[in-house]
Amino acid sequence: MALLMTESAKQHIAKQMQNRGKGLGIRVGIKTAGCSGLSYVLEFVDEPAEEDEVFDQGSFSLVVDPKSLVYLDGTELDFVKEGLNEGFQFNNPNMKSECGCGESFHV
């Protein structure tokens, strides 16, 4: 099982980690929320839990809990800038549909 990152996403997270000045990396996860049932979660991680999967990205690590990894397997995390807007984009091959506002999805 794996989670992939574009160079743009790696650079953005590395910069955020440097600005923060501490921590192991970023946790990528899934929570129950939104219109379609699931949404993505990104948060800083200082110490992984015992059951977490840790993916070394060089200057930081991606941390994923086993329950989320089932939904995220094969997902590419990208950081995109479109005009004045910028943010993370999840290209998830497991996603079957998403809500109209784009905030949640269903597998």
# chains A, B, ... in the order shown; residues from 1 in each chain; ligands from 1

call {"tool": "residues_around", "arguments": {"residues": "segment 48-58 of chain A", "least_positions_apart": "3", "cutoff": "12 Å", "atoms": "only C-alpha atoms", "output": "ChimeraX atom specification"}}
result
/A:1-7,9-11,13-14,17,23-29,43-45,61-70,72-73

call {"tool": "write_last_selection", "arguments": {"atoms": "N, CA and C atoms", "output": "mmCIF file, in the first residue's frame"}}
result
data_model
loop_
_atom_site.group_PDB
_atom_site.id
_atom_site.type_symbol
_atom_site.label_atom_id
_atom_site.label_comp_id
_atom_site.auth_asym_id
_atom_site.auth_seq_id
_atom_site.Cartn_x
_atom_site.Cartn_y
_atom_site.Cartn_z
ATOM 1 N N MET A 1 0.847 -1.176 0.000
ATOM 2 C CA MET A 1 0.000 0.000 0.000
ATOM 3 C C MET A 1 0.890 1.236 0.000
ATOM 4 N N ALA A 2 0.427 2.267 -0.691
ATOM 5 C CA ALA A 2 1.269 3.448 -0.802
ATOM 6 C C ALA A 2 0.450 4.714 -1.012
ATOM 7 N N LEU A 3 1.059 5.813 -0.667
ATOM 8 C CA LEU A 3 0.521 7.146 -0.897
ATOM 9 C C LEU A 3 1.611 7.903 -1.642
ATOM 10 N N LEU A 4 1.270 8.513 -2.770
ATOM 11 C CA LEU A 4 2.239 9.199 -3.616
ATOM 12 C C LEU A 4 2.109 10.704 -3.455
ATOM 13 N N MET A 5 3.202 11.417 -3.730
ATOM 14 C CA MET A 5 3.181 12.880 -3.652
ATOM 15 C C MET A 5 3.852 13.475 -4.878
ATOM 16 N N THR A 6 3.301 14.579 -5.350
ATOM 17 C CA THR A 6 3.957 15.310 -6.428
ATOM 18 C C THR A 6 5.090 16.144 -5.826
ATOM 19 N N GLU A 7 5.981 16.601 -6.674
ATOM 20 C CA GLU A 7 7.082 17.440 -6.216
ATOM 21 C C GLU A 7 6.552 18.742 -5.608
ATOM 22 N N ALA A 9 3.742 19.181 -3.963
ATOM 23 C CA ALA A 9 3.249 18.885 -2.614
ATOM 24 C C ALA A 9 4.412 18.702 -1.646
ATOM 25 N N LYS A 10 5.451 18.002 -2.079
ATOM 26 C CA LYS A 10 6.618 17.798 -1.221
ATOM 27 C C LYS A 10 7.260 19.133 -0.843
ATOM 28 N N GLN A 11 7.422 20.002 -1.818
ATOM 29 C CA GLN A 11 8.046 21.297 -1.559
ATOM 30 C C GLN A 11 7.209 22.138 -0.597
ATOM 31 N N ILE A 13 4.986 21.079 1.696
ATOM 32 C CA ILE A 13 5.011 20.517 3.045
ATOM 33 C C ILE A 13 6.374 20.743 3.691
ATOM 34 N N ALA A 14 7.459 20.577 2.942
ATOM 35 C CA ALA A 14 8.796 20.810 3.490
ATOM 36 C C ALA A 14 8.921 22.248 3.989
ATOM 37 N N MET A 17 6.925 22.570 7.219
ATOM 38 C CA MET A 17 7.638 21.921 8.323
ATOM 39 C C MET A 17 8.797 22.794 8.792
ATOM 40 N N GLY A 23 8.821 18.606 14.530
ATOM 41 C CA GLY A 23 7.865 17.591 14.107
ATOM 42 C C GLY A 23 8.435 16.587 13.134
ATOM 43 N N LEU A 24 7.742 15.460 13.043
ATOM 44 C CA LEU A 24 8.111 14.367 12.156
ATOM 45 C C LEU A 24 7.618 14.614 10.739
ATOM 46 N N GLY A 25 6.381 15.113 10.618
ATOM 47 C CA GLY A 25 5.815 15.315 9.293
ATOM 48 C C GLY A 25 4.341 15.641 9.335
ATOM 49 N N ILE A 26 3.636 15.106 8.347
ATOM 50 C CA ILE A 26 2.214 15.387 8.154
ATOM 51 C C ILE A 26 1.422 14.082 8.211
ATOM 52 N N ARG A 27 0.326 14.105 8.961
ATOM 53 C CA ARG A 27 -0.608 12.970 8.963
ATOM 54 C C ARG A 27 -1.650 13.214 7.888
ATOM 55 N N VAL A 28 -1.861 12.207 7.062
ATOM 56 C CA VAL A 28 -2.913 12.226 6.054
ATOM 57 C C VAL A 28 -3.910 11.161 6.476
ATOM 58 N N GLY A 29 -5.173 11.560 6.599
ATOM 59 C CA GLY A 29 -6.171 10.613 7.059
ATOM 60 C C GLY A 29 -7.536 10.871 6.473
ATOM 61 N N GLU A 43 -2.756 17.044 9.142
ATOM 62 C CA GLU A 43 -2.340 17.680 10.382
ATOM 63 C C GLU A 43 -0.873 17.359 10.649
ATOM 64 N N PHE A 44 -0.232 18.232 11.396
ATOM 65 C CA PHE A 44 1.165 17.998 11.765
ATOM 66 C C PHE A 44 1.258 16.819 12.725
ATOM 67 N N VAL A 45 2.376 16.093 12.641
ATOM 68 C CA VAL A 45 2.634 14.955 13.525
ATOM 69 C C VAL A 45 4.004 15.137 14.165
ATOM 70 N N SER A 61 8.137 13.166 6.903
ATOM 71 C CA SER A 61 7.460 11.885 6.679
ATOM 72 C C SER A 61 5.961 12.091 6.532
ATOM 73 N N LEU A 62 5.350 11.235 5.743
ATOM 74 C CA LEU A 62 3.889 11.152 5.679
ATOM 75 C C LEU A 62 3.485 10.045 6.631
ATOM 76 N N VAL A 63 2.508 10.309 7.468
ATOM 77 C CA VAL A 63 2.045 9.350 8.461
ATOM 78 C C VAL A 63 0.577 9.053 8.178
ATOM 79 N N VAL A 64 0.243 7.753 8.110
ATOM 80 C CA VAL A 64 -1.128 7.342 7.798
ATOM 81 C C VAL A 64 -1.523 6.211 8.741
ATOM 82 N N ASP A 65 -2.698 6.328 9.341
ATOM 83 C CA ASP A 65 -3.190 5.243 10.185
ATOM 84 C C ASP A 65 -3.720 4.121 9.295
ATOM 85 N N PRO A 66 -3.725 2.877 9.779
ATOM 86 C CA PRO A 66 -4.115 1.735 8.951
ATOM 87 C C PRO A 66 -5.541 1.811 8.385
ATOM 88 N N LYS A 67 -6.484 2.348 9.141
ATOM 89 C CA LYS A 67 -7.863 2.442 8.648
ATOM 90 C C LYS A 67 -7.963 3.417 7.485
ATOM 91 N N SER A 68 -7.250 4.533 7.557
ATOM 92 C CA SER A 68 -7.267 5.510 6.463
ATOM 93 C C SER A 68 -6.519 4.994 5.237
ATOM 94 N N LEU A 69 -5.456 4.230 5.468
ATOM 95 C CA LEU A 69 -4.634 3.763 4.355
ATOM 96 C C LEU A 69 -5.437 2.904 3.381
ATOM 97 N N VAL A 70 -6.414 2.176 3.871
ATOM 98 C CA VAL A 70 -7.276 1.372 2.998
ATOM 99 C C VAL A 70 -7.963 2.260 1.961
ATOM 100 N N LEU A 72 -6.900 5.346 1.117
ATOM 101 C CA LEU A 72 -5.929 6.221 0.469
ATOM 102 C C LEU A 72 -4.937 5.476 -0.425
ATOM 103 N N ASP A 73 -4.961 4.152 -0.418
ATOM 104 C CA ASP A 73 -3.994 3.381 -1.192
ATOM 105 C C ASP A 73 -3.994 3.801 -2.659
#

call {"tool": "residues_around", "arguments": {"residues": "segment 79-84 of chain A", "least_positions_apart": "3", "cutoff": "8 Å", "atoms": "only C-alpha atoms", "output": "list in words"}}
result
Thr6, Ser8, Ala9, His12, Gly87, Phe88 and Gln89 of chain A

call {"tool": "select_by_dssp", "arguments": {"residues": "chain A", "states": "strand (DSSP E or B)", "output": "number ranges by chain"}}
result
A: 4-5, 25-33, 37-45, 53-56, 61-64, 76-82, 85-91, 97-98, 105-106

call {"tool": "atom_distance", "arguments": {"atom1": "atom CA of Phe60 of chain A", "atom2": "atom CA of Gln16 of chain A"}}
result
10.2 Å

call {"tool": "atom_distance", "arguments": {"atom1": "atom CA of Tyr71 of chain A", "atom2": "atom CA of Asn91 of chain A"}}
result
11.8 Å

call {"tool": "residues_around", "arguments": {"residues": "Lys31 of chain A", "least_positions_apart": "5", "cutoff": "8 Å", "atoms": "only C-alpha atoms", "output": "number ranges by chain"}}
result
A: 38-41

call {"tool": "atom_distance", "arguments": {"atom1": "atom CA of Ser59 of chain A", "atom2": "atom CA of Pro93 of chain A"}}
result
26.7 Å

call {"tool": "select_by_dssp", "arguments": {"residues": "segment 16-107 of chain A", "states": "alpha helix (DSSP H)", "output": "PyMOL selection string"}}
result
chain A and resi 16-20+66-72
